[in-house]
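Text of the file entry_10.csv, holding CSV, C-alpha atoms:
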```csv
chain,number,residue,atom,x,y,z
A,294,MET,CA,45.2,86.0,-204.4
A,295,ASN,CA,43.5,87.1,-201.3
A,296,THR,CA,44.4,84.9,-198.4
A,297,GLN,CA,43.1,85.8,-195.0
A,298,VAL,CA,44.9,84.6,-191.9
A,299,THR,CA,42.9,84.9,-188.7
A,300,THR,CA,44.4,84.4,-185.3
A,301,ALA,CA,42.5,82.8,-182.5
A,302,VAL,CA,42.0,85.0,-179.5
A,303,ASN,CA,41.7,82.8,-176.4
A,304,GLY,CA,43.7,85.0,-174.0
A,305,VAL,CA,46.6,82.6,-173.8
A,306,ASN,CA,50.1,84.0,-174.6
A,307,VAL,CA,51.5,81.0,-176.5
A,308,GLU,CA,54.5,82.9,-177.7
A,309,ALA,CA,55.6,83.4,-174.1
A,310,LEU,CA,55.0,79.8,-173.3
A,311,LEU,CA,57.1,78.6,-176.3
A,312,ALA,CA,59.8,81.1,-175.3
A,313,ALA,CA,59.7,79.7,-171.8
A,314,ARG,CA,60.1,76.2,-173.1
A,315,GLU,CA,63.1,77.2,-175.1
A,316,ALA,CA,64.7,79.1,-172.2
A,317,LEU,CA,64.0,76.3,-169.7
A,318,SER,CA,65.4,73.7,-172.1
A,319,ASP,CA,68.8,75.5,-171.7
A,320,ALA,CA,68.4,76.2,-168.0
A,321,PRO,CA,66.5,73.2,-166.5
A,322,GLU,CA,67.1,74.2,-162.9
A,323,GLY,CA,64.6,77.1,-163.5
A,324,ALA,CA,61.9,74.6,-164.3
A,325,ARG,CA,62.1,73.2,-160.8
A,326,PHE,CA,59.0,74.6,-159.0
A,327,LYS,CA,57.7,74.2,-155.5
A,328,TRP,CA,54.0,74.7,-154.9
A,329,ARG,CA,52.8,75.5,-151.4
A,330,ALA,CA,49.7,75.9,-149.3
A,331,THR,CA,49.2,76.5,-145.6
A,332,SER,CA,46.2,75.4,-143.6
A,333,GLU,CA,44.7,76.1,-140.2
A,334,TRP,CA,42.0,74.2,-138.4
A,335,VAL,CA,39.0,76.5,-137.6
A,336,ASN,CA,36.6,74.2,-135.7
A,337,GLY,CA,35.1,70.7,-136.2
A,338,THR,CA,35.9,69.6,-139.8
A,339,HIS,CA,36.3,73.1,-141.0
A,340,SER,CA,39.8,74.3,-142.1
A,341,ARG,CA,41.0,77.4,-143.9
A,342,SER,CA,43.8,77.1,-146.4
A,343,THR,CA,45.9,79.8,-148.0
A,344,VAL,CA,47.9,79.9,-151.2
A,345,GLU,CA,50.3,82.8,-151.7
A,346,GLY,CA,53.9,82.1,-152.5
A,347,PHE,CA,55.7,79.5,-154.5
A,348,TYR,CA,59.2,78.9,-155.8
A,349,GLY,CA,60.2,78.8,-159.5
A,350,LEU,CA,62.5,80.2,-162.1
A,351,GLY,CA,65.2,80.0,-159.4
A,352,ALA,CA,63.5,82.5,-157.1
A,353,GLU,CA,60.7,82.9,-154.6
A,354,GLN,CA,57.5,84.1,-156.3
A,355,LYS,CA,54.2,85.5,-155.1
A,356,HIS,CA,50.7,85.4,-156.5
A,357,ARG,CA,49.2,88.8,-157.2
A,358,GLN,CA,47.0,88.2,-154.2
A,359,LYS,CA,46.5,85.7,-151.4
A,360,PHE,CA,43.9,83.0,-152.2
A,361,GLN,CA,41.9,81.5,-149.3
A,362,PHE,CA,39.8,78.4,-149.3
A,363,ASP,CA,37.4,77.1,-146.7
A,364,SER,CA,36.9,73.3,-146.6
A,365,ASP,CA,34.4,71.4,-144.4
A,366,HIS,CA,32.2,68.4,-144.4
A,367,PRO,CA,28.5,68.6,-145.4
A,368,GLU,CA,25.5,68.5,-143.0
A,369,VAL,CA,24.8,64.9,-143.8
A,370,PHE,CA,28.1,64.1,-142.0
A,371,ALA,CA,26.9,66.1,-139.0
A,372,SER,CA,29.2,69.0,-140.0
A,373,GLU,CA,28.5,72.7,-140.6
A,374,ASP,CA,29.2,72.8,-144.3
A,375,LYS,CA,31.3,76.0,-144.1
A,376,GLY,CA,33.1,75.1,-147.3
A,377,ALA,CA,33.3,72.5,-150.1
A,378,THR,CA,34.3,69.0,-149.1
A,379,PRO,CA,38.0,68.3,-149.7
A,380,VAL,CA,37.3,65.7,-152.3
A,381,GLU,CA,35.2,68.2,-154.3
A,382,ILE,CA,38.2,70.6,-154.1
A,383,VAL,CA,40.3,67.9,-155.8
A,384,LEU,CA,37.7,67.8,-158.7
A,385,VAL,CA,38.0,71.6,-158.9
A,386,GLY,CA,41.8,71.3,-159.3
A,387,LEU,CA,41.3,68.7,-162.1
A,388,ALA,CA,38.8,70.9,-163.9
A,389,GLY,CA,41.1,74.0,-163.7
A,390,CYS,CA,44.1,72.1,-165.0
A,391,LEU,CA,42.3,70.5,-167.9
A,392,GLY,CA,40.6,73.8,-168.8
A,393,ALA,CA,43.9,75.7,-168.8
A,394,GLY,CA,45.4,73.1,-171.0
A,395,ILE,CA,42.5,73.1,-173.5
A,396,ALA,CA,42.8,76.9,-173.9
A,397,SER,CA,46.6,76.7,-174.3
A,398,VAL,CA,46.5,73.9,-176.8
A,399,ALA,CA,43.6,75.6,-178.7
A,400,GLN,CA,45.7,78.8,-178.9
A,401,ASN,CA,48.7,76.9,-180.1
A,402,ARG,CA,46.6,75.3,-182.9
A,403,ASN,CA,44.9,78.6,-183.7
A,404,ILE,CA,41.4,77.2,-182.8
A,405,GLN,CA,39.0,79.9,-181.5
A,406,LEU,CA,37.1,78.7,-178.4
A,407,ARG,CA,33.7,80.1,-177.7
A,408,SER,CA,32.7,78.1,-174.6
A,409,VAL,CA,34.2,75.3,-172.6
A,410,LYS,CA,32.0,73.6,-170.0
A,411,ALA,CA,32.9,70.6,-167.9
A,412,THR,CA,30.9,68.4,-165.5
A,413,LEU,CA,32.8,66.2,-163.2
A,414,GLU,CA,31.5,63.3,-161.1
A,415,ALA,CA,33.4,60.9,-158.8
A,416,GLY,CA,32.0,57.9,-157.1
A,417,MET,CA,33.1,57.2,-153.5
A,418,ASP,CA,31.9,54.4,-151.2
A,419,LEU,CA,32.0,55.8,-147.6
A,420,GLN,CA,32.5,52.3,-146.3
A,421,GLY,CA,36.2,53.0,-146.8
A,422,ILE,CA,36.6,56.2,-144.8
A,423,LEU,CA,34.2,55.0,-142.1
A,424,GLY,CA,36.2,51.8,-141.6
A,425,ILE,CA,33.2,49.5,-142.3
A,426,ASP,CA,35.0,47.5,-145.0
A,427,GLU,CA,38.8,47.3,-145.2
A,428,ASN,CA,38.5,46.3,-148.9
A,429,VAL,CA,36.8,49.5,-149.9
A,430,ARG,CA,39.3,52.3,-150.7
A,431,ASN,CA,39.0,55.7,-149.0
A,432,GLY,CA,39.1,57.7,-152.2
A,433,PHE,CA,37.2,57.9,-155.5
A,434,ASP,CA,36.4,54.7,-157.3
A,435,GLY,CA,36.8,56.7,-160.5
A,436,ILE,CA,36.2,60.2,-162.0
A,437,LYS,CA,34.1,61.0,-165.1
A,438,VAL,CA,34.7,64.3,-166.8
A,439,HIS,CA,32.5,65.4,-169.6
A,440,TYR,CA,33.3,68.5,-171.8
A,441,GLU,CA,30.9,70.5,-174.0
A,442,ILE,CA,33.0,72.7,-176.2
A,443,ASP,CA,31.9,75.3,-178.7
A,444,ALA,CA,34.8,76.2,-181.0
A,445,ASP,CA,35.8,76.9,-184.6
A,446,ALA,CA,36.8,73.3,-185.1
A,447,THR,CA,35.5,69.9,-186.0
A,448,GLN,CA,34.4,67.3,-183.4
A,449,ASP,CA,37.7,65.5,-184.1
A,450,GLU,CA,39.8,68.6,-183.6
A,451,ILE,CA,38.0,69.4,-180.4
A,452,ALA,CA,38.5,65.8,-179.1
A,453,ALA,CA,42.2,66.2,-179.9
A,454,LEU,CA,42.4,69.4,-177.9
A,455,VAL,CA,41.1,67.6,-174.8
A,456,ALA,CA,43.3,64.6,-175.4
A,457,GLN,CA,46.5,66.8,-175.6
A,458,SER,CA,45.4,68.7,-172.5
A,459,GLN,CA,45.1,65.4,-170.6
A,460,LYS,CA,48.5,64.3,-171.8
A,461,ARG,CA,50.2,67.4,-170.4
A,462,SER,CA,48.0,68.0,-167.3
A,463,ALA,CA,49.8,68.0,-163.9
A,464,VAL,CA,46.6,67.3,-161.9
A,465,PHE,CA,45.5,64.5,-164.3
A,466,ASP,CA,48.9,62.9,-163.6
A,467,ILE,CA,48.7,63.4,-159.9
A,468,ILE,CA,45.3,61.7,-159.7
A,469,THR,CA,45.9,58.9,-162.2
A,470,ASN,CA,49.4,58.0,-161.0
A,471,PRO,CA,50.8,57.5,-157.4
A,472,THR,CA,52.5,60.4,-155.7
A,473,ASP,CA,54.4,60.1,-152.5
A,474,VAL,CA,53.1,62.1,-149.5
A,475,THR,CA,55.3,62.4,-146.5
A,476,VAL,CA,53.7,63.8,-143.3
A,477,THR,CA,55.7,65.0,-140.3
A,478,VAL,CA,54.3,66.3,-137.0
A,479,ARG,CA,55.5,68.4,-134.1
A,480,LYS,CA,53.7,69.3,-130.9
A,481,GLY,CA,53.7,73.1,-131.0
B,259,MET,CA,36.6,59.5,-104.7
B,260,ASN,CA,36.3,62.6,-106.8
B,261,THR,CA,36.9,61.7,-110.4
B,262,GLN,CA,36.5,64.4,-113.0
B,263,VAL,CA,35.7,63.4,-116.6
B,264,THR,CA,36.3,66.2,-119.1
B,265,THR,CA,35.1,65.9,-122.6
B,266,ALA,CA,37.1,67.4,-125.5
B,267,VAL,CA,35.2,70.1,-127.4
B,268,ASN,CA,36.6,70.1,-131.0
B,269,GLY,CA,33.3,70.8,-132.8
B,270,VAL,CA,33.0,67.3,-134.2
B,271,ASN,CA,29.8,65.3,-133.6
B,272,VAL,CA,31.5,61.9,-133.2
B,273,GLU,CA,28.2,60.3,-131.9
B,274,ALA,CA,26.5,61.1,-135.2
B,275,LEU,CA,29.5,59.7,-137.1
B,276,LEU,CA,29.5,56.5,-135.1
B,277,ALA,CA,25.7,56.2,-135.6
B,278,ALA,CA,26.2,56.8,-139.4
B,279,ARG,CA,28.8,54.0,-139.4
B,280,GLU,CA,26.3,51.7,-137.7
B,281,ALA,CA,23.5,52.7,-140.0
B,282,LEU,CA,25.6,52.4,-143.2
B,283,SER,CA,26.9,49.0,-142.1
B,284,ASP,CA,23.3,47.7,-142.4
B,285,ALA,CA,22.4,49.7,-145.5
B,286,PRO,CA,25.6,49.9,-147.6
B,287,GLU,CA,23.9,51.4,-150.7
B,288,GLY,CA,23.5,54.6,-148.6
B,289,ALA,CA,27.3,54.8,-148.4
B,290,ARG,CA,27.6,55.2,-152.2
B,291,PHE,CA,28.3,58.9,-152.8
B,292,LYS,CA,28.8,60.8,-156.0
B,293,TRP,CA,30.8,64.1,-155.6
B,294,ARG,CA,30.5,66.7,-158.4
B,295,ALA,CA,31.9,69.9,-159.7
B,296,THR,CA,31.1,71.9,-162.8
B,297,SER,CA,33.6,74.2,-164.5
B,298,GLU,CA,33.5,76.9,-167.1
B,299,TRP,CA,36.3,78.5,-169.1
B,300,VAL,CA,36.5,82.3,-168.5
B,301,ASN,CA,39.5,83.4,-170.6
B,302,GLY,CA,43.1,82.3,-171.1
B,303,THR,CA,44.0,79.8,-168.4
B,304,HIS,CA,41.3,81.1,-166.1
B,305,SER,CA,38.4,78.8,-165.2
B,306,ARG,CA,35.6,79.1,-162.7
B,307,SER,CA,34.4,76.0,-161.0
B,308,THR,CA,31.2,75.5,-158.9
B,309,VAL,CA,30.4,72.9,-156.2
B,310,GLU,CA,26.8,72.6,-155.2
B,311,GLY,CA,25.1,69.3,-155.3
B,312,PHE,CA,26.1,65.7,-154.6
B,313,TYR,CA,24.5,62.3,-154.2
B,314,GLY,CA,24.5,60.3,-151.0
B,315,LEU,CA,22.4,58.4,-148.5
B,316,GLY,CA,20.3,57.3,-151.5
B,317,ALA,CA,19.2,60.8,-152.5
B,318,GLU,CA,20.4,64.0,-154.2
B,319,GLN,CA,21.9,66.4,-151.6
B,320,LYS,CA,22.8,70.1,-151.7
B,321,HIS,CA,25.4,72.1,-149.9
B,322,ARG,CA,24.0,75.0,-147.8
B,323,GLN,CA,25.4,77.3,-150.4
B,324,LYS,CA,27.1,77.2,-153.8
B,325,PHE,CA,30.9,77.2,-153.5
B,326,GLN,CA,32.9,78.9,-156.4
B,327,PHE,CA,36.6,78.7,-157.2
B,328,ASP,CA,38.7,80.6,-159.7
B,329,SER,CA,41.7,78.9,-161.0
B,330,ASP,CA,44.4,80.3,-163.2
B,331,HIS,CA,48.1,80.2,-163.9
B,332,PRO,CA,50.5,82.7,-162.4
B,333,GLU,CA,52.1,85.7,-164.1
B,334,VAL,CA,55.4,83.8,-164.5
B,335,PHE,CA,53.5,81.6,-167.0
B,336,ALA,CA,52.3,84.7,-168.8
B,337,SER,CA,48.9,84.3,-167.3
B,338,GLU,CA,46.7,86.8,-165.3
B,339,ASP,CA,46.8,85.0,-162.0
B,340,LYS,CA,43.1,85.4,-161.3
B,341,GLY,CA,43.1,82.4,-159.0
B,342,ALA,CA,45.2,79.7,-157.4
B,343,THR,CA,47.1,77.3,-159.8
B,344,PRO,CA,45.2,74.0,-160.1
B,345,VAL,CA,48.0,72.0,-158.5
B,346,GLU,CA,47.9,74.3,-155.4
B,347,ILE,CA,44.1,73.6,-155.2
B,348,VAL,CA,45.0,69.9,-155.0
B,349,LEU,CA,47.2,70.8,-151.9
B,350,VAL,CA,44.3,72.7,-150.4
B,351,GLY,CA,42.1,69.5,-150.8
B,352,LEU,CA,44.7,67.4,-149.1
B,353,ALA,CA,45.1,69.8,-146.2
B,354,GLY,CA,41.4,70.1,-145.7
B,355,CYS,CA,40.9,66.3,-145.7
B,356,LEU,CA,43.8,65.6,-143.3
B,357,GLY,CA,42.6,68.5,-141.0
B,358,ALA,CA,39.0,67.2,-140.9
B,359,GLY,CA,40.4,63.7,-140.0
B,360,ILE,CA,42.7,65.0,-137.3
B,361,ALA,CA,39.8,66.8,-135.6
B,362,SER,CA,37.5,63.8,-135.9
B,363,VAL,CA,40.0,61.4,-134.5
B,364,ALA,CA,40.9,63.8,-131.7
B,365,GLN,CA,37.3,64.0,-130.7
B,366,ASN,CA,36.9,60.3,-130.8
B,367,ARG,CA,39.9,59.9,-128.6
B,368,ASN,CA,38.8,62.7,-126.3
B,369,ILE,CA,41.9,64.9,-127.0
B,370,GLN,CA,41.3,68.6,-126.9
B,371,LEU,CA,42.9,70.4,-129.8
B,372,ARG,CA,44.0,74.0,-129.4
B,373,SER,CA,45.6,74.7,-132.8
B,374,VAL,CA,46.4,72.7,-135.9
B,375,LYS,CA,48.6,74.3,-138.5
B,376,ALA,CA,49.9,72.6,-141.7
B,377,THR,CA,52.4,73.6,-144.3
B,378,LEU,CA,52.4,71.7,-147.6
B,379,GLU,CA,55.0,71.8,-150.3
B,380,ALA,CA,55.1,69.9,-153.5
B,381,GLY,CA,58.0,69.8,-156.0
B,382,MET,CA,57.2,69.8,-159.7
B,383,ASP,CA,59.7,69.9,-162.6
B,384,LEU,CA,58.0,71.9,-165.4
B,385,GLN,CA,60.1,70.0,-168.0
B,386,GLY,CA,57.2,67.5,-167.9
B,387,ILE,CA,54.2,69.8,-168.7
B,388,LEU,CA,56.2,71.8,-171.1
B,389,GLY,CA,57.2,68.7,-173.1
B,390,ILE,CA,60.9,69.3,-172.8
B,391,ASP,CA,61.7,65.9,-171.3
B,392,GLU,CA,59.4,62.9,-171.8
B,393,ASN,CA,61.0,61.2,-168.8
B,394,VAL,CA,59.8,63.9,-166.4
B,395,ARG,CA,56.3,63.4,-165.0
B,396,ASN,CA,53.7,66.2,-165.4
B,397,GLY,CA,52.7,66.1,-161.8
B,398,PHE,CA,54.3,66.5,-158.4
B,399,ASP,CA,57.5,64.6,-157.7
B,400,GLY,CA,56.3,64.3,-154.1
B,401,ILE,CA,54.4,66.2,-151.4
B,402,LYS,CA,55.7,67.2,-147.9
B,403,VAL,CA,53.1,68.0,-145.2
B,404,HIS,CA,54.2,69.3,-141.9
B,405,TYR,CA,51.9,69.7,-138.9
B,406,GLU,CA,52.3,71.8,-135.8
B,407,ILE,CA,49.6,70.8,-133.4
B,408,ASP,CA,48.9,72.2,-129.9
B,409,ALA,CA,46.7,69.8,-128.0
B,410,ASP,CA,46.1,68.2,-124.6
B,411,ALA,CA,48.1,65.2,-125.5
B,412,THR,CA,51.7,63.8,-125.7
B,413,GLN,CA,53.9,64.1,-128.8
B,414,ASP,CA,53.2,60.4,-129.4
B,415,GLU,CA,49.4,60.8,-129.1
B,416,ILE,CA,49.5,63.7,-131.5
B,417,ALA,CA,51.6,61.8,-134.0
B,418,ALA,CA,49.0,58.9,-133.7
B,419,LEU,CA,46.2,61.4,-134.5
B,420,VAL,CA,47.8,62.4,-137.7
B,421,ALA,CA,48.7,58.8,-138.7
B,422,GLN,CA,45.0,57.7,-138.2
B,423,SER,CA,43.8,60.7,-140.2
B,424,GLN,CA,46.1,59.7,-143.1
B,425,LYS,CA,44.9,56.1,-142.9
B,426,ARG,CA,41.3,57.2,-143.4
B,427,SER,CA,41.8,60.2,-145.7
B,428,ALA,CA,40.0,60.1,-149.0
B,429,VAL,CA,42.3,62.8,-150.6
B,430,PHE,CA,45.5,61.1,-149.3
B,431,ASP,CA,44.3,57.9,-151.0
B,432,ILE,CA,43.5,59.7,-154.2
B,433,ILE,CA,46.9,61.3,-154.4
B,434,THR,CA,49.0,58.3,-153.3
B,435,ASN,CA,47.2,55.7,-155.3
B,436,PRO,CA,46.0,55.6,-158.9
B,437,THR,CA,42.5,56.7,-159.8
B,438,ASP,CA,40.9,56.2,-163.2
B,439,VAL,CA,39.8,59.4,-164.9
B,440,THR,CA,37.6,59.0,-168.0
B,441,VAL,CA,37.1,62.1,-170.2
B,442,THR,CA,34.4,62.5,-172.9
B,443,VAL,CA,33.9,65.4,-175.2
B,444,ARG,CA,31.0,66.7,-177.3
B,445,LYS,CA,31.0,69.7,-179.6
B,446,GLY,CA,28.3,71.8,-178.2
```
Represent the supplied structure as structure tokens.
Amino acid sequence: MNTQVTTAVNGVNVEALLAAREALSDAPEGARFKWRATSEWVNGTHSRSTVEGFYGLGAEQKHRQKFQFDSDHPEVFASEDKGATPVEIVLVGLAGCLGAGIASVAQNRNIQLRSVKATLEAGMDLQGILGIDENVRNGFDGIKVHYEIDADATQDEIAALVAQSQKRSAVFDIITNPTDVTVTVRKG
Amino acid sequence: MNTQVTTAVNGVNVEALLAAREALSDAPEGARFKWRATSEWVNGTHSRSTVEGFYGLGAEQKHRQKFQFDSDHPEVFASEDKGATPVEIVLVGLAGCLGAGIASVAQNRNIQLRSVKATLEAGMDLQGILGIDENVRNGFDGIKVHYEIDADATQDEIAALVAQSQKRSAVFDIITNPTDVTVTVRKG
């Protein structure tokens, strides 16, 4: 008998992730992470944010490099458009999280991905943030995400990849469920 | 009598914003925006997202330039750390939104800002996303934002700036309240 076992190559180290799950099951305090960003006002609605360090596995950690992000409002809001609008940056976070999940689940299920493309669209009625109508929320009225995925799998298997990624996505949870935000201020 | 009226210069065109509020009160369909991002899987947990066009004021709009974002997982997750982690990108969106609001409210109140610095920290127990404990949520267990603001204003006035920014912030609303996310998939 000539059986051939091929292993999907998606660039995800699933063995390491499964080992981490095993290790963190026995040492749950290592699973407690703290993610951070700092931000500095530049001018007008333009801010620059930096991501560099975080806490996890019981110790301070650092990214391989500092990541910087400019955010601003577009010209139709009489701003200078020096960066993406903050709400668009939230969509970027959602896309990144679901995408990482799809690749990880595909690897775990030995499904070879060839391409994964997402388009995201979120409606927002500015009557909220402009204070025109108190009944209109400030944020999105909903987000639509559409994936086009080319992979060695059936349509159903591909749909199941995306469903599992949603089920375990941190950003999907942050957006679809309430999260407390506490803000403090000091004159400095 | 020799009165001197100084006008704060924070780089925000408040007159244009107030005019927009007036105009959109009479033409609410112009206030319906659609924000967008596209995203493409690169390798492993690394995706690249692009922000370029959006819809608003009744027409398709474009940013002055295309904004691109790499997202990835860090090396402690056995990834290559080619970009910020998606959850950190959400913090960047929150910082950008509150920062733009603080500058806009300061301008409207004629308060001169000198510096606005924020530090953000969000706890997350990985037992959620790793599927170790079904009772642990995938997302943040809370976000702490701390501002240090140097401005021509009292501590109370500065605190009121931040409070008003929170009250009108789209991203603050998206994170603190639930938002529907609908995901569709096509084998392509």
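Atom to atom, atom CA of B:Leu419 and atom CA of B:Val363 stand 6.2 Å apart.
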Inset, instruction - Take atom CA of A:Arg314 and atom CA of B:Leu388 and report the distance between them in Å, one decimal. - result: 6.2 Å
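Nearest to chain A of all the residues B:Val267, B:Val334, B:Ala421, B:Ile387 is B:Ile387, based on all atoms listed in the file.
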Inset, instruction - Name the residues in contact with A:Gln358 at a cut-off of 9 Å, using only C-alpha atoms, excluding same-chain residues fewer than 2 positions from it; report them as number ranges by chain. - result: A: 344-345, 355-356, 360; B: 339-341
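The spacing separating atom CA of A:Gly481 from atom CA of B:His404 amounts to 11.6 Å.
Of the residues listed (A:Asn303, A:Ser372, A:Ser458, A:Thr338), A:Asn303 shows the shortest atom-to-atom separation from A:Ala444; distances use all atoms listed in the file.
Nearest to A:Ile395 of all the residues A:Arg329, A:Lys460, A:Lys437, A:Arg357 is A:Lys460, based on only C-alpha atoms.
Of the listed residues (A:Gly349, A:Gly424, A:Gly323, A:Gly337), A:Gly337 comes nearest to chain B; the distances count all atoms listed in the file.
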Could N, CA and C atoms be built for stretch 364-381 of chain B and written out as a PDB file, keeping the file's coordinate frame?
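Heads up, here's the output in out27.pdb:
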```
ATOM      1  N   ALA B 364      40.690  63.179-133.042  1.00  0.00           N
ATOM      2  CA  ALA B 364      40.900  63.800-131.700  1.00  0.00           C
ATOM      3  C   ALA B 364      39.674  63.718-130.870  1.00  0.00           C
ATOM      4  N   GLN B 365      38.540  64.062-131.478  1.00  0.00           N
ATOM      5  CA  GLN B 365      37.300  64.000-130.700  1.00  0.00           C
ATOM      6  C   GLN B 365      36.971  62.617-130.251  1.00  0.00           C
ATOM      7  N   ASN B 366      37.155  61.654-131.137  1.00  0.00           N
ATOM      8  CA  ASN B 366      36.900  60.300-130.800  1.00  0.00           C
ATOM      9  C   ASN B 366      37.776  59.761-129.685  1.00  0.00           C
ATOM     10  N   ARG B 367      38.996  60.326-129.603  1.00  0.00           N
ATOM     11  CA  ARG B 367      39.900  59.900-128.600  1.00  0.00           C
ATOM     12  C   ARG B 367      39.904  60.866-127.351  1.00  0.00           C
ATOM     13  N   ASN B 368      38.965  61.775-127.368  1.00  0.00           N
ATOM     14  CA  ASN B 368      38.800  62.700-126.300  1.00  0.00           C
ATOM     15  C   ASN B 368      40.062  63.561-126.031  1.00  0.00           C
ATOM     16  N   ILE B 369      40.673  63.992-127.112  1.00  0.00           N
ATOM     17  CA  ILE B 369      41.900  64.900-127.000  1.00  0.00           C
ATOM     18  C   ILE B 369      41.438  66.277-127.447  1.00  0.00           C
ATOM     19  N   GLN B 370      41.657  67.229-126.561  1.00  0.00           N
ATOM     20  CA  GLN B 370      41.300  68.600-126.900  1.00  0.00           C
ATOM     21  C   GLN B 370      42.376  69.242-127.757  1.00  0.00           C
ATOM     22  N   LEU B 371      41.969  69.673-128.937  1.00  0.00           N
ATOM     23  CA  LEU B 371      42.900  70.400-129.800  1.00  0.00           C
ATOM     24  C   LEU B 371      42.838  71.883-129.477  1.00  0.00           C
ATOM     25  N   ARG B 372      43.999  72.547-129.572  1.00  0.00           N
ATOM     26  CA  ARG B 372      44.000  74.000-129.400  1.00  0.00           C
ATOM     27  C   ARG B 372      44.341  74.667-130.746  1.00  0.00           C
ATOM     28  N   SER B 373      45.323  74.159-131.439  1.00  0.00           N
ATOM     29  CA  SER B 373      45.600  74.700-132.800  1.00  0.00           C
ATOM     30  C   SER B 373      46.216  73.586-133.645  1.00  0.00           C
ATOM     31  N   VAL B 374      45.855  73.606-134.902  1.00  0.00           N
ATOM     32  CA  VAL B 374      46.400  72.700-135.900  1.00  0.00           C
ATOM     33  C   VAL B 374      46.800  73.468-137.103  1.00  0.00           C
ATOM     34  N   LYS B 375      48.094  73.478-137.367  1.00  0.00           N
ATOM     35  CA  LYS B 375      48.600  74.300-138.500  1.00  0.00           C
ATOM     36  C   LYS B 375      49.395  73.347-139.418  1.00  0.00           C
ATOM     37  N   ALA B 376      49.136  73.442-140.712  1.00  0.00           N
ATOM     38  CA  ALA B 376      49.900  72.600-141.700  1.00  0.00           C
ATOM     39  C   ALA B 376      50.550  73.474-142.711  1.00  0.00           C
ATOM     40  N   THR B 377      51.731  73.053-143.115  1.00  0.00           N
ATOM     41  CA  THR B 377      52.400  73.600-144.300  1.00  0.00           C
ATOM     42  C   THR B 377      52.616  72.507-145.273  1.00  0.00           C
ATOM     43  N   LEU B 378      52.272  72.764-146.527  1.00  0.00           N
ATOM     44  CA  LEU B 378      52.400  71.700-147.600  1.00  0.00           C
ATOM     45  C   LEU B 378      53.304  72.277-148.682  1.00  0.00           C
ATOM     46  N   GLU B 379      54.158  71.410-149.178  1.00  0.00           N
ATOM     47  CA  GLU B 379      55.000  71.800-150.300  1.00  0.00           C
ATOM     48  C   GLU B 379      55.200  70.627-151.242  1.00  0.00           C
ATOM     49  N   ALA B 380      55.049  70.919-152.526  1.00  0.00           N
ATOM     50  CA  ALA B 380      55.100  69.900-153.500  1.00  0.00           C
ATOM     51  C   ALA B 380      56.075  70.299-154.649  1.00  0.00           C
ATOM     52  N   GLY B 381      57.060  69.481-154.940  1.00  0.00           N
ATOM     53  CA  GLY B 381      58.000  69.800-156.000  1.00  0.00           C
ATOM     54  C   GLY B 381      57.394  69.398-157.369  1.00  0.00           C
TER      55      GLY B 381
END
```
